[in-house]
Every structure is written in structure tokens, then in C-alpha cells.
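Undergrad: Next comes the structure file protein00.pdb, holding PDB, C-alpha atoms.
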ATOM      1  CA  MET A   1     -11.602  76.205 -34.077
ATOM      2  CA  ASP A   2      -9.842  78.303 -31.430
ATOM      3  CA  THR A   3      -8.130  81.495 -32.492
ATOM      4  CA  LEU A   4      -4.402  81.075 -32.994
ATOM      5  CA  SER A   5      -2.568  82.918 -30.225
ATOM      6  CA  SER A   6       1.000  82.663 -31.500
ATOM      7  CA  ILE A   7       2.384  80.746 -34.458
ATOM      8  CA  ASN A   8       5.714  80.570 -32.651
ATOM      9  CA  GLU A   9       4.219  78.407 -29.872
ATOM     10  CA  LEU A  10       3.204  75.559 -32.161
ATOM     11  CA  SER A  11       5.206  72.325 -32.249
ATOM     12  CA  LEU A  12       5.255  69.612 -34.882
ATOM     13  CA  GLY A  13       3.730  66.273 -33.853
ATOM     14  CA  ALA A  14       5.791  63.109 -34.306
ATOM     15  CA  ALA A  15       3.430  61.369 -36.752
ATOM     16  CA  LEU A  16       3.089  64.368 -39.018
ATOM     17  CA  GLN A  17       6.814  65.047 -38.770
ATOM     18  CA  GLN A  18       7.488  61.593 -40.225
ATOM     19  CA  GLU A  19       5.101  62.283 -43.114
ATOM     20  CA  VAL A  20       6.765  65.603 -43.858
ATOM     21  CA  ALA A  21      10.243  64.065 -43.727
ATOM     22  CA  ALA A  22       9.105  61.435 -46.216
ATOM     23  CA  GLY A  23       7.566  64.085 -48.469
ATOM     24  CA  ARG A  24       4.042  62.690 -48.108
ATOM     25  CA  ALA A  25       2.248  65.620 -46.484
ATOM     26  CA  SER A  26       1.030  68.080 -49.109
ATOM     27  CA  ASP A  27      -0.014  71.642 -48.330
ATOM     28  CA  HIS A  28      -3.630  70.609 -48.883
ATOM     29  CA  ALA A  29      -3.279  67.696 -46.460
ATOM     30  CA  LEU A  30      -1.763  69.953 -43.824
ATOM     31  CA  LEU A  31      -4.538  72.503 -44.138
ATOM     32  CA  GLU A  32      -7.144  69.758 -44.044
ATOM     33  CA  ALA A  33      -5.589  68.553 -40.786
ATOM     34  CA  THR A  34      -5.665  72.142 -39.532
ATOM     35  CA  ARG A  35      -9.407  72.164 -40.120
ATOM     36  CA  THR A  36      -9.780  69.339 -37.608
ATOM     37  CA  GLY A  37      -7.871  71.308 -34.983
ATOM     38  CA  ASN A  38      -4.407  69.857 -35.605
ATOM     39  CA  GLU A  39      -2.166  72.810 -34.777
ATOM     40  CA  ASP A  40       0.941  70.708 -35.491
ATOM     41  CA  ALA A  41      -0.130  70.548 -39.131
ATOM     42  CA  PHE A  42      -0.549  74.296 -39.246
ATOM     43  CA  ALA A  43       2.869  74.774 -37.642
ATOM     44  CA  GLU A  44       4.382  72.885 -40.575
ATOM     45  CA  LEU A  45       2.584  75.133 -43.065
ATOM     46  CA  VAL A  46       3.969  78.152 -41.246
ATOM     47  CA  GLY A  47       7.460  76.659 -41.400
ATOM     48  CA  ARG A  48       7.154  76.093 -45.138
ATOM     49  CA  TYR A  49       5.975  79.593 -46.021
ATOM     50  CA  ARG A  50       7.046  81.981 -43.256
ATOM     51  CA  ASN A  51      10.329  83.140 -44.824
ATOM     52  CA  GLN A  52       9.064  83.582 -48.367
ATOM     53  CA  ILE A  53       5.893  85.389 -47.310
ATOM     54  CA  THR A  54       7.852  87.714 -45.021
ATOM     55  CA  SER A  55      10.386  88.395 -47.777
ATOM     56  CA  TYR A  56       7.651  89.053 -50.316
ATOM     57  CA  ILE A  57       5.811  91.515 -48.082
ATOM     58  CA  TYR A  58       9.099  93.228 -47.202
ATOM     59  CA  ARG A  59       9.859  93.795 -50.878
ATOM     60  CA  MET A  60       6.346  95.129 -51.351
ATOM     61  CA  THR A  61       6.472  97.519 -48.383
ATOM     62  CA  ASN A  62      10.199  98.121 -47.794
ATOM     63  CA  ASP A  63       9.576  97.789 -44.047
ATOM     64  CA  TYR A  64      10.971  94.650 -42.428
ATOM     65  CA  ASP A  65       9.325  94.986 -39.018
ATOM     66  CA  GLY A  66       6.019  95.735 -40.690
ATOM     67  CA  ALA A  67       6.520  92.765 -43.013
ATOM     68  CA  VAL A  68       6.972  90.436 -40.037
ATOM     69  CA  ASP A  69       3.708  91.706 -38.555
ATOM     70  CA  LEU A  70       1.834  91.382 -41.849
ATOM     71  CA  ALA A  71       3.206  87.882 -42.400
ATOM     72  CA  GLN A  72       1.922  86.965 -38.938
ATOM     73  CA  GLU A  73      -1.469  88.406 -39.879
ATOM     74  CA  THR A  74      -1.410  86.418 -43.129
ATOM     75  CA  PHE A  75      -1.033  83.132 -41.264
ATOM     76  CA  VAL A  76      -3.624  84.110 -38.676
ATOM     77  CA  ARG A  77      -6.111  84.726 -41.489
ATOM     78  CA  VAL A  78      -5.281  81.389 -43.093
ATOM     79  CA  PHE A  79      -5.834  79.659 -39.759
ATOM     80  CA  ARG A  80      -9.124  81.398 -39.055
ATOM     81  CA  ALA A  81     -10.449  80.710 -42.562
ATOM     82  CA  ALA A  82      -9.271  77.084 -42.765
ATOM     83  CA  ASP A  83     -12.860  75.823 -42.757
ATOM     84  CA  ARG A  84     -13.651  77.915 -45.850
ATOM     85  CA  TYR A  85     -10.554  76.996 -47.864
ATOM     86  CA  GLN A  86     -11.230  75.603 -51.333
ATOM     87  CA  GLN A  87      -8.683  73.232 -52.891
ATOM     88  CA  SER A  88      -9.340  74.363 -56.460
ATOM     89  CA  HIS A  89      -5.977  76.168 -56.555
ATOM     90  CA  ALA A  90      -2.557  75.645 -54.997
ATOM     91  CA  PHE A  91      -2.211  76.667 -51.372
ATOM     92  CA  SER A  92       0.727  78.891 -52.351
ATOM     93  CA  THR A  93      -1.615  80.875 -54.607
ATOM     94  CA  TYR A  94      -4.080  81.250 -51.757
ATOM     95  CA  ILE A  95      -1.573  82.463 -49.178
ATOM     96  CA  TYR A  96       0.189  84.838 -51.592
ATOM     97  CA  ARG A  97      -3.181  86.373 -52.450
ATOM     98  CA  ILE A  98      -3.818  87.092 -48.768
ATOM     99  CA  ALA A  99      -0.309  88.507 -48.322
ATOM    100  CA  THR A 100      -0.678  90.672 -51.431
ATOM    101  CA  ASN A 101      -3.968  92.130 -50.249
ATOM    102  CA  LEU A 102      -2.507  92.944 -46.840
ATOM    103  CA  ALA A 103       0.587  94.571 -48.359
ATOM    104  CA  ILE A 104      -1.455  96.665 -50.804
ATOM    105  CA  SER A 105      -3.784  97.727 -47.999
ATOM    106  CA  GLU A 106      -0.766  98.886 -45.985
ATOM    107  CA  LEU A 107       0.649 100.816 -48.955
ATOM    108  CA  ARG A 108      -2.663 102.582 -49.481
ATOM    109  CA  LYS A 109      -2.849 103.512 -45.798
ATOM    110  CA  ARG A 110       0.629 105.018 -46.090
ATOM    111  CA  LYS A 111      -0.411 107.044 -49.112
ATOM    112  CA  ARG A 112      -3.421 108.446 -47.295
ATOM    113  CA  ARG A 113      -1.322 109.326 -44.250
ATOM    114  CA  LYS A 114       1.282 110.934 -46.480
ATOM    115  CA  LEU A 115      -1.248 113.117 -48.255
ATOM    116  CA  ILE A 116      -2.824 114.204 -44.990
ATOM    117  CA  SER A 117       0.519 115.049 -43.378
ATOM    118  CA  LEU A 118       1.587 117.154 -46.367
ATOM    119  CA  THR A 119      -1.667 119.064 -46.720
ATOM    120  CA  GLY A 120      -0.263 122.258 -45.253
ATOM    121  CA  PHE A 121       2.690 122.223 -47.655
ATOM    122  CA  PHE A 122       0.976 121.417 -50.926
ATOM    123  CA  GLN A 123      -2.488 122.954 -50.727
ATOM    124  CA  SER A 124      -2.723 126.297 -52.434
ATOM    125  CA  ASN A 125      -4.469 129.275 -50.918
ATOM    126  CA  ASP A 126      -7.350 128.960 -53.364
ATOM    127  CA  GLY A 127      -8.118 125.394 -52.204
ATOM    128  CA  ALA A 128      -6.665 123.592 -55.235
ATOM    129  CA  GLU A 129      -6.341 119.828 -55.067
ATOM    130  CA  LEU A 130      -3.336 118.211 -53.429
ATOM    131  CA  ARG A 131      -0.495 116.760 -55.446
ATOM    132  CA  GLU A 132       1.652 113.906 -54.218
ATOM    133  CA  PHE A 133       5.117 114.575 -52.879
ATOM    134  CA  ASP A 134       7.670 112.430 -54.721
ATOM    135  CA  PRO A 135      11.128 113.909 -54.131
ATOM    136  CA  SER A 136      13.891 112.980 -56.553
ATOM    137  CA  ASP A 137      16.912 111.068 -55.330
ATOM    138  CA  GLY A 138      19.679 113.648 -55.510
ATOM    139  CA  GLN A 139      22.198 111.758 -53.417
ATOM    140  CA  PRO A 140      25.713 111.527 -54.935
ATOM    141  CA  LEU A 141      27.259 108.157 -55.705
ATOM    142  CA  GLN A 142      29.276 106.701 -52.857
ATOM    143  CA  ASP A 143      32.776 105.267 -52.941
ATOM    144  CA  VAL A 144      33.268 102.692 -55.702
ATOM    145  CA  ALA A 145      33.597  99.893 -53.139
ATOM    146  CA  LEU A 146      29.995 100.534 -52.081
ATOM    147  CA  VAL A 147      28.478 100.844 -55.542
ATOM    148  CA  ASP A 148      27.154  97.271 -55.633
ATOM    149  CA  ALA A 149      25.444  97.651 -52.273
ATOM    150  CA  GLU A 150      24.087 101.032 -53.282
ATOM    151  CA  ARG A 151      22.830  99.576 -56.548
ATOM    152  CA  ARG A 152      20.892  96.875 -54.716
ATOM    153  CA  ALA A 153      19.446  99.476 -52.390
ATOM    154  CA  ALA A 154      18.573 101.642 -55.381
ATOM    155  CA  VAL A 155      16.719  98.750 -57.011
ATOM    156  CA  GLN A 156      14.685  98.289 -53.836
ATOM    157  CA  ARG A 157      13.942 102.022 -53.687
ATOM    158  CA  ALA A 158      12.946 102.039 -57.351
ATOM    159  CA  ILE A 159      10.635  99.062 -56.819
ATOM    160  CA  GLY A 160       9.151 100.969 -53.893
ATOM    161  CA  THR A 161       8.118 103.822 -56.197
ATOM    162  CA  LEU A 162       6.088 101.543 -58.468
ATOM    163  CA  PRO A 163       2.292 101.642 -58.172
ATOM    164  CA  GLU A 164       0.919  98.528 -56.466
ATOM    165  CA  LYS A 165      -0.472  97.114 -59.702
ATOM    166  CA  TYR A 166       3.045  97.003 -61.189
ATOM    167  CA  ARG A 167       4.985  96.264 -58.017
ATOM    168  CA  ALA A 168       3.225  93.041 -57.040
ATOM    169  CA  PRO A 169       3.517  91.175 -60.380
ATOM    170  CA  LEU A 170       7.143  92.274 -60.824
ATOM    171  CA  ILE A 171       8.179  90.941 -57.404
ATOM    172  CA  LEU A 172       6.181  87.750 -57.827
ATOM    173  CA  ARG A 173       7.829  87.072 -61.194
ATOM    174  CA  ASP A 174      11.396  88.390 -60.936
ATOM    175  CA  VAL A 175      12.055  87.820 -57.229
ATOM    176  CA  ASP A 176       9.809  84.900 -56.223
ATOM    177  CA  GLY A 177       9.933  83.167 -59.611
ATOM    178  CA  LYS A 178       6.194  82.571 -59.909
ATOM    179  CA  SER A 179       4.735  81.528 -63.262
ATOM    180  CA  TYR A 180       2.516  83.945 -65.183
ATOM    181  CA  ASP A 181      -0.411  81.618 -64.582
ATOM    182  CA  GLU A 182       0.092  81.571 -60.820
ATOM    183  CA  ILE A 183       0.568  85.334 -60.696
ATOM    184  CA  SER A 184      -2.678  85.831 -62.590
ATOM    185  CA  ARG A 185      -4.440  83.646 -60.004
ATOM    186  CA  ILE A 186      -2.852  85.440 -57.063
ATOM    187  CA  LEU A 187      -3.795  88.858 -58.444
ATOM    188  CA  SER A 188      -7.127  87.718 -59.917
ATOM    189  CA  THR A 189      -6.357  89.106 -63.354
ATOM    190  CA  SER A 190      -5.496  87.768 -66.820
ATOM    191  CA  GLU A 191      -2.069  86.519 -67.887
ATOM    192  CA  GLY A 192      -2.018  89.177 -70.589
ATOM    193  CA  THR A 193      -2.482  91.901 -67.997
ATOM    194  CA  VAL A 194       0.214  90.354 -65.808
ATOM    195  CA  LYS A 195       2.726  90.277 -68.672
ATOM    196  CA  SER A 196       1.892  93.842 -69.681
ATOM    197  CA  ARG A 197       2.343  95.168 -66.160
ATOM    198  CA  ILE A 198       5.613  93.300 -65.649
ATOM    199  CA  SER A 199       6.930  94.698 -68.924
ATOM    200  CA  ARG A 200       6.032  98.251 -67.906
ATOM    201  CA  ALA A 201       7.548  97.758 -64.451
ATOM    202  CA  ARG A 202      10.822  96.487 -65.935
ATOM    203  CA  GLY A 203      10.954  99.462 -68.289
ATOM    204  CA  PHE A 204      10.468 101.819 -65.375
ATOM    205  CA  LEU A 205      13.268 100.173 -63.420
ATOM    206  CA  ARG A 206      15.657 100.254 -66.391
ATOM    207  CA  GLU A 207      15.067 103.994 -66.660
ATOM    208  CA  LYS A 208      15.664 104.476 -62.950
ATOM    209  CA  MET A 209      18.826 102.358 -62.981
ATOM    210  CA  ARG A 210      20.558 103.920 -65.999
ATOM    211  CA  VAL A 211      23.041 105.681 -63.733
ATOM    212  CA  TYR A 212      24.354 102.278 -62.598
ATOM    213  CA  LEU A 213      24.729 100.750 -66.085
TER
END
Re-express the file's structure as C-alpha cells.
TA:
Amino acid sequence: MDTLSSINELSLGAALQQEVAAGRASDHALLEATRTGNEDAFAELVGRYRNQITSYIYRMTNDYDGAVDLAQETFVRVFRAADRYQQSHAFSTYIYRIATNLAISELRKRKRRKLISLTGFFQSNDGAELREFDPSDGQPLQDVALVDAERRAAVQRAIGTLPEKYRAPLILRDVDGKSYDEISRILSTSEGTVKSRISRARGFLREKMRVYL
């Protein structure tokens, strides 16, 4: 199968368009058609998931432009691996797992870059280990008319301070509305672990957001 050059250049074929309009083409059927080289089928998959995958990665990384690029990479990886796709789980689980891995990889790269860039500031003369720089938010509250907008921004900032293992399940559950079972499949962990991490993440956010309550 040829490498996908641009998901934006794909167009939906007439026959498949009729199936989609009638609700007959499942995600599995579309990916199976992609395996045979039907780029129209893949274009429909992209149309179904582009916005939610981009939104999910944005909430994970707090970087919209980067989220667009990572979403593009997510679909490219799906396309390239179409021949190896197993239908044992929902396609949505499969694509969210890829997106999650890409987002977490990006967050870890940022952390490494951050530590390296701050070496001169936080390394003691005796060669002690580095400590992470996590400045507190000391900004005063804005005018009351902007409190709601500031609160939403504060929630996003607070989510951005969560470790990846708490951030991903929280977003998948409270923003994307995924079931505990699907989240456990996406993150390859148990439902009990998912519930525990979501509970801890919510507690952290409540503590951060007390000023707005």
C-alpha cells in the first residue's frame, strides 16, 4: 500500500458515500477497504475521527498546532498499519491508543527539554540532582466578567499539570465520555486502575480549583 501523502487530498467515492449515508459502513468495513487500497474508505475514517482525535490530543498537550500535527501522524500510522489491524476491539479504541501514545511521547520530550534548559538554574555547585521547575500560578483574578473564561482556562492549565498516567484517563472519561472498559483497553490497564487514577485526578483538580468555587 502506498504511503499516504496528505489526508486532506482524499475524496469520498460515490458507492461508499451511499453506504455511509445509509449507515451501513462500519469502521471495520472502512478499514478493511483501506487494506485493499481504497483511499476513499480511509478518507471517511478520517472524517469520522479527525475532530475528536485532534481535540483529545490538544487537551493532553495544550498545544493546538502540535495537536493538529500529532492527529495527522495518528492517521498516517493507522493507514500504514492497516494490513496489521486486528478487529478484536473497536476501531475507536485502536486509534485512541495510537493518539495517546503519541501525546505521551510528546509530553515526555517536553519534560526532557525542560530539564535540560533549566540545568544552569537548578543544579547546585556540588553536582546535586536536578529538580523540576513548577512555578505556582500567582496571577490575580481578572474582572468578574472574565471569571468564567478564566476558570475554563484554569481547568485546562490544571489538567496540564497532571502526570500523563492521570491526565489521559481523566480526559478520556470526563471530556470524551469513554466507558471505563474502553479506557482500560486504550491505556492497556485494568478498570480498577483507571477508576483509581481518575479519582485521584479529580481530587487534584478540585484542590486546584478551590479559588473558583
Undergrad: Residues at most 12 Å from Glu73 in chain A, counting all atoms listed in the file, excluding those fewer than 2 positions away in the same chain, as an MDAnalysis selection string?
TA: chainID A and resid 4:7 46 50 53:54 57 66:71 75:80 95 98:103
Undergrad: In Å, how far is it from CA of Ala149 in chain A to CA of Asn51 in chain A?
TA: 22.2 Å
Undergrad: Name the residues in contact with range 156-163 of chain A at a cut-off of 7 Å, using all atoms listed in the file, excluding same-chain residues fewer than 5 positions from it; report them as a ChimeraX atom specification.
TA: /A:60,62,205,208
Undergrad: What is the CA of Gly192 in chain A to CA of Lys111 in chain A distance in Å?
TA: 28.0 Å
Undergrad: Run the PyMOL selection byres ((chain A and resi 29) around 12) mentally over the shown coordinates, then write out the matched residues as a PyMOL selection string, using the chain letters and numbers from the document.
TA: chain A and resi 16+19-20+23-28+30-36+38+41-42+44-45+82+85+87+90-91
Undergrad: Please report the interatomic distance between CA of His89 in chain A and CA of Leu172 in chain A in Å with one decimal.
TA: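 For CA of His89 in chain A relative to CA of Leu172 in chain A, the distance reads 16.8 Å.
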Undergrad: Applying 9 Å and all atoms listed in the file, which residues near Met209 in chain A remain after dropping the ones on its own chain fewer than 4 positions away? List them as a ChimeraX atom specification.
TA: /A:151,154-155,158,204-205,213
Undergrad: Kindly save the residues from that selection, with C-alpha atoms included, as a PDB file, in the frame of the given file.
TA:
ATOM      1  CA  ARG A 151      22.830  99.576 -56.548  1.00  0.00           C
ATOM      2  CA  ALA A 154      18.573 101.642 -55.381  1.00  0.00           C
ATOM      3  CA  VAL A 155      16.719  98.750 -57.011  1.00  0.00           C
ATOM      4  CA  ALA A 158      12.946 102.039 -57.351  1.00  0.00           C
ATOM      5  CA  PHE A 204      10.468 101.819 -65.375  1.00  0.00           C
ATOM      6  CA  LEU A 205      13.268 100.173 -63.420  1.00  0.00           C
ATOM      7  CA  LEU A 213      24.729 100.750 -66.085  1.00  0.00           C
TER       8      LEU A 213
END
Undergrad: Given only C-alpha atoms as the basis, pick out the residue of A:Leu187, A:Lys178, A:Tyr58, A:Arg173 nearest to Arg202 in chain A.
TA: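 Distance minimum relative to Arg202 in chain A lands on A:Arg173.
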Undergrad: List as an MDAnalysis selection string the protein and nucleic acid residues near range 106-109 of chain A, meaning an atom at most 8 Å away when only C-alpha atoms are counted, but skip any in the same chain fewer than 4 places from it.
TA: chainID A and resid 61 102 113 164
Undergrad: I need every residue sitting at most 12 Å from the point (-3.0, 89.9, -64.9) (coordinates as in the file, only C-alpha atoms considered), written as a PDB file with C-alpha atoms, keeping the file's coordinate frame.
TA:
ATOM      1  CA  LYS A 165      -0.472  97.114 -59.702  1.00  0.00           C
ATOM      2  CA  TYR A 166       3.045  97.003 -61.189  1.00  0.00           C
ATOM      3  CA  ALA A 168       3.225  93.041 -57.040  1.00  0.00           C
ATOM      4  CA  PRO A 169       3.517  91.175 -60.380  1.00  0.00           C
ATOM      5  CA  LEU A 170       7.143  92.274 -60.824  1.00  0.00           C
ATOM      6  CA  LEU A 172       6.181  87.750 -57.827  1.00  0.00           C
ATOM      7  CA  ARG A 173       7.829  87.072 -61.194  1.00  0.00           C
ATOM      8  CA  SER A 179       4.735  81.528 -63.262  1.00  0.00           C
ATOM      9  CA  TYR A 180       2.516  83.945 -65.183  1.00  0.00           C
ATOM     10  CA  ASP A 181      -0.411  81.618 -64.582  1.00  0.00           C
ATOM     11  CA  GLU A 182       0.092  81.571 -60.820  1.00  0.00           C
ATOM     12  CA  ILE A 183       0.568  85.334 -60.696  1.00  0.00           C
ATOM     13  CA  SER A 184      -2.678  85.831 -62.590  1.00  0.00           C
ATOM     14  CA  ARG A 185      -4.440  83.646 -60.004  1.00  0.00           C
ATOM     15  CA  ILE A 186      -2.852  85.440 -57.063  1.00  0.00           C
ATOM     16  CA  LEU A 187      -3.795  88.858 -58.444  1.00  0.00           C
ATOM     17  CA  SER A 188      -7.127  87.718 -59.917  1.00  0.00           C
ATOM     18  CA  THR A 189      -6.357  89.106 -63.354  1.00  0.00           C
ATOM     19  CA  SER A 190      -5.496  87.768 -66.820  1.00  0.00           C
ATOM     20  CA  GLU A 191      -2.069  86.519 -67.887  1.00  0.00           C
ATOM     21  CA  GLY A 192      -2.018  89.177 -70.589  1.00  0.00           C
ATOM     22  CA  THR A 193      -2.482  91.901 -67.997  1.00  0.00           C
ATOM     23  CA  VAL A 194       0.214  90.354 -65.808  1.00  0.00           C
ATOM     24  CA  LYS A 195       2.726  90.277 -68.672  1.00  0.00           C
ATOM     25  CA  SER A 196       1.892  93.842 -69.681  1.00  0.00           C
ATOM     26  CA  ARG A 197       2.343  95.168 -66.160  1.00  0.00           C
ATOM     27  CA  ILE A 198       5.613  93.300 -65.649  1.00  0.00           C
ATOM     28  CA  SER A 199       6.930  94.698 -68.924  1.00  0.00           C
TER      29      SER A 199
END
Undergrad: A:Tyr49, A:Tyr96, A:Arg200, A:Arg59: which is nearest Ala153 in chain A, counting all atoms listed in the file?
TA: A:Arg59
